[in-house]
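Q: Below you'll find the structure I mean.
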Amino acid sequence: MAGGFYTADLGSVAPAGVFREAFAWPSPPIAIRSRAGGRMSQDSLMIIGGQWGDEGKGKVVDLLSGGFAAVVRYNGGNNAGHTVRFADRRFALHLVPSGIIHPGVTCYLASGMVVDPSGLVGEMDKLVGEGVEIDGRIVLSPRATLILPTHRALDAAREGMRGADRIGTTGRGIGPAYQDRAQRRALRGHVLADDPSTRRRDAMALMEQHNHELEALFGAEPVDLEVAMAELERVAGRLGPLVAEVGPALRRHRADGEAVLFEGAQGVMLDLAWGTYPYVTSSSCLPGFAAASCGIGPRLLGPVIGVMKAYATRVGGGPFPTELDDATGEGLRERGAEYGTTTGRPRRCGWFDAVAARFAVEVAGIDAVAVTKLDVLDGCPEIRVATAYRLPDGSAVDTFPADSTVAERLEPVYETLPGWRRPTEGVTRIADLPAEARDYLGYLEAKVGAPIVIVSTGPRREETLVRGDGELERRLRELVAGG
Ligand code: GDP
């Protein structure tokens, strides 16, 4: 990559002193190796979605991950979809952490994930086809939950039964697999490394239960278990050798002075407990879950960067107070190419919701924000931001309610900011942004309660700027320059 894309923003609004506290590393900084072979005195980092998913985490992780020895996925399954661009290539990754694009980065799938073995092998094959060297670089936790074809069938049958109350699942078996995990009957990663007769016994027993449920509860067609078993055997040979404990490996990285990047899937507003329940994903999207998923202490996780679009989107049903059902929303969808990476479904689009964003900052402990897709707002004559909500009876609501039937009725209270005339697309220096765009970022930062340290102005890696000059920002600048 050519150098000089990422220029110091010395002129931006300095984050309020209160945030400085949050940037103190949770433990003494350790040295990590840069890809260039030099050493940087830094620690681990976490990147999560700060809205309803699809915030552009893939680009941000990809941008930074070259400076880490390891990238970890800790929640969700192949319902997540990251689009990563590299040179002229475009990678859609669903299970494998985006760090795979960088040579030398080891990618971990931790115990809190639900992994479809066939999906994982398909993704590995695609990466190999694109010329990415993956040997010895993917590690699957023996404690991760496996998704079987019968989970997918159950997912489809259950969603079909819900009719108008559809949650909008991706139909990939994620929910039923997490349900089996909680019911303590799931198959886990180690099954892929077991001997074939044990695997057959355990897989058949579970899938027979699933088939019974499909027929008895949903009146659905059972899955052909011999076909499902043959498929599992085909992929077990490939995946068995990848199965290894994640926690001890991360502790080894740490002992070797190497830092780890934790990559969250979905976003805070889709979190099982803190999102718009029941229109949420089946796992936790909060940083704390990474520690539980990897089997490491929470102090190893590092500062949390929350990725947020300069506007808002969500896929599927559920509360979305700032949704625009008009030409402006359609314009955001078209300019932002807001169609799901995994499903191709059009995303619902709306203005930036500062109440939801601030809520996400608080519940997830987001230390700093990466704003993506600023360029999508180019050409908007004015830009709105929701700063409060009202209920139909006129009462004010200043945080995100727990009850989604209440959240569905929220009317956003907007503040209106001027748009900008010059495009921001591809801008890499804060000084080159139109004044209105700089003001917009300063405004968001104040409303959201965390400093904006990264701004993305296009899908490509180099269409990025790092904002501010604190310790975290300096480190981010080093990471993107080394990427
Ligand atoms: P993720 O799941 O959070 O990684 O998000 P997705 O990959 O589903 O969606 C992000 C999409 O937006 C991808 O197609 C990216 O290439 C694209 N993208 C990321 N950042 C920017 C940006 O700053 N501007 C524009 N125009 N597109 C972006």
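Lettering and numbering for the structure tokens are positional, with chains as A, B, ... in the shown order, residues counted from 1 in each chain, and ligands counted from 1 in the shown order.
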Around ligand 1, out to 9 Å and counting only C-alpha atoms and all ligand atoms, which residues are there? I want them as a ChimeraX atom specification.

A: /A:48-49,53-61,80-85,90,92-94,98,265-267,307-310,335-342,371-376,425-426,455-461,463-464

Q: Might you pull out every residue within 12 Å of Asp439 (chain A), with only C-alpha atoms counted and same-chain residues fewer than 2 positions away left off, and present them as an MDAnalysis selection string?

A: chainID A and resid 12:13 383 417:420 430:431 433:437 441:446

Q: Now that the selection is made, can you save its residues with C-alpha atoms as a CSV table (one decimal), in the first residue's frame?

A:
```csv
chain,number,residue,atom,x,y,z
A,12,SER,CA,-9.8,18.6,15.0
A,13,VAL,CA,-11.9,19.1,18.2
A,383,ILE,CA,-28.6,16.2,7.8
A,417,LEU,CA,-27.4,20.4,10.5
A,418,PRO,CA,-26.3,21.8,7.2
A,419,GLY,CA,-25.0,19.4,4.5
A,420,TRP,CA,-21.9,20.0,2.6
A,430,ILE,CA,-9.3,16.1,8.1
A,431,ALA,CA,-8.3,19.5,6.8
A,433,LEU,CA,-13.1,17.8,4.7
A,434,PRO,CA,-15.7,20.5,4.1
A,435,ALA,CA,-16.2,22.6,7.3
A,436,GLU,CA,-19.8,21.3,7.6
A,437,ALA,CA,-18.5,17.7,7.6
A,441,LEU,CA,-18.3,14.9,13.3
A,442,GLY,CA,-17.7,17.3,16.2
A,443,TYR,CA,-21.5,17.4,16.8
A,444,LEU,CA,-21.8,13.6,16.7
A,445,GLU,CA,-18.9,13.1,19.1
A,446,ALA,CA,-20.4,15.5,21.6
```

Q: So, counting only C-alpha atoms, which residue among A:Glu362, A:Glu408, A:Glu159, A:Glu245 is closest to Glu323 (chain A)?

A: A:Glu408

Q: Rank A:Ala70, A:Leu286, A:Val132, A:Val369 by their smallest atom-to-atom distance to Ala249 (chain A), using only C-alpha atoms, and report the top residue only.

A: A:Ala70

Q: Using DSSP on the backbone, list every residue of region 198-416 of chain A that comes out as helix (DSSP H, G or I), and give them as an NGL selection string.

A: :A and (198-218 or 225-242 or 246-255 or 268-270 or 288-294 or 298-300 or 327-335 or 354-364 or 374-377 or 404-407)

Q: From the options A:Thr313, A:Ser141, A:Thr106, A:Asn79, which residue's atoms come nearest to Gly173 (chain A), counting only C-alpha atoms?

A: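 Nearest candidate to Gly173 (chain A) out of A:Thr313, A:Ser141, A:Thr106, A:Asn79: A:Asn79.
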
Q: With distances taken over only C-alpha atoms, which of A:Phe359, A:Tyr440, A:Phe320, A:Tyr108 is nearest to Leu261 (chain A)?

A: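 Of all the options, A:Tyr108 lies closest to Leu261 (chain A).
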
Q: Pick from A:Gly136, A:Gly317, A:Gly331, A:Pro412: nearest to Ala354 (chain A), with only C-alpha atoms counted?

A: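 Using only C-alpha atoms, the shortest distance to Ala354 (chain A) belongs to A:Pro412.
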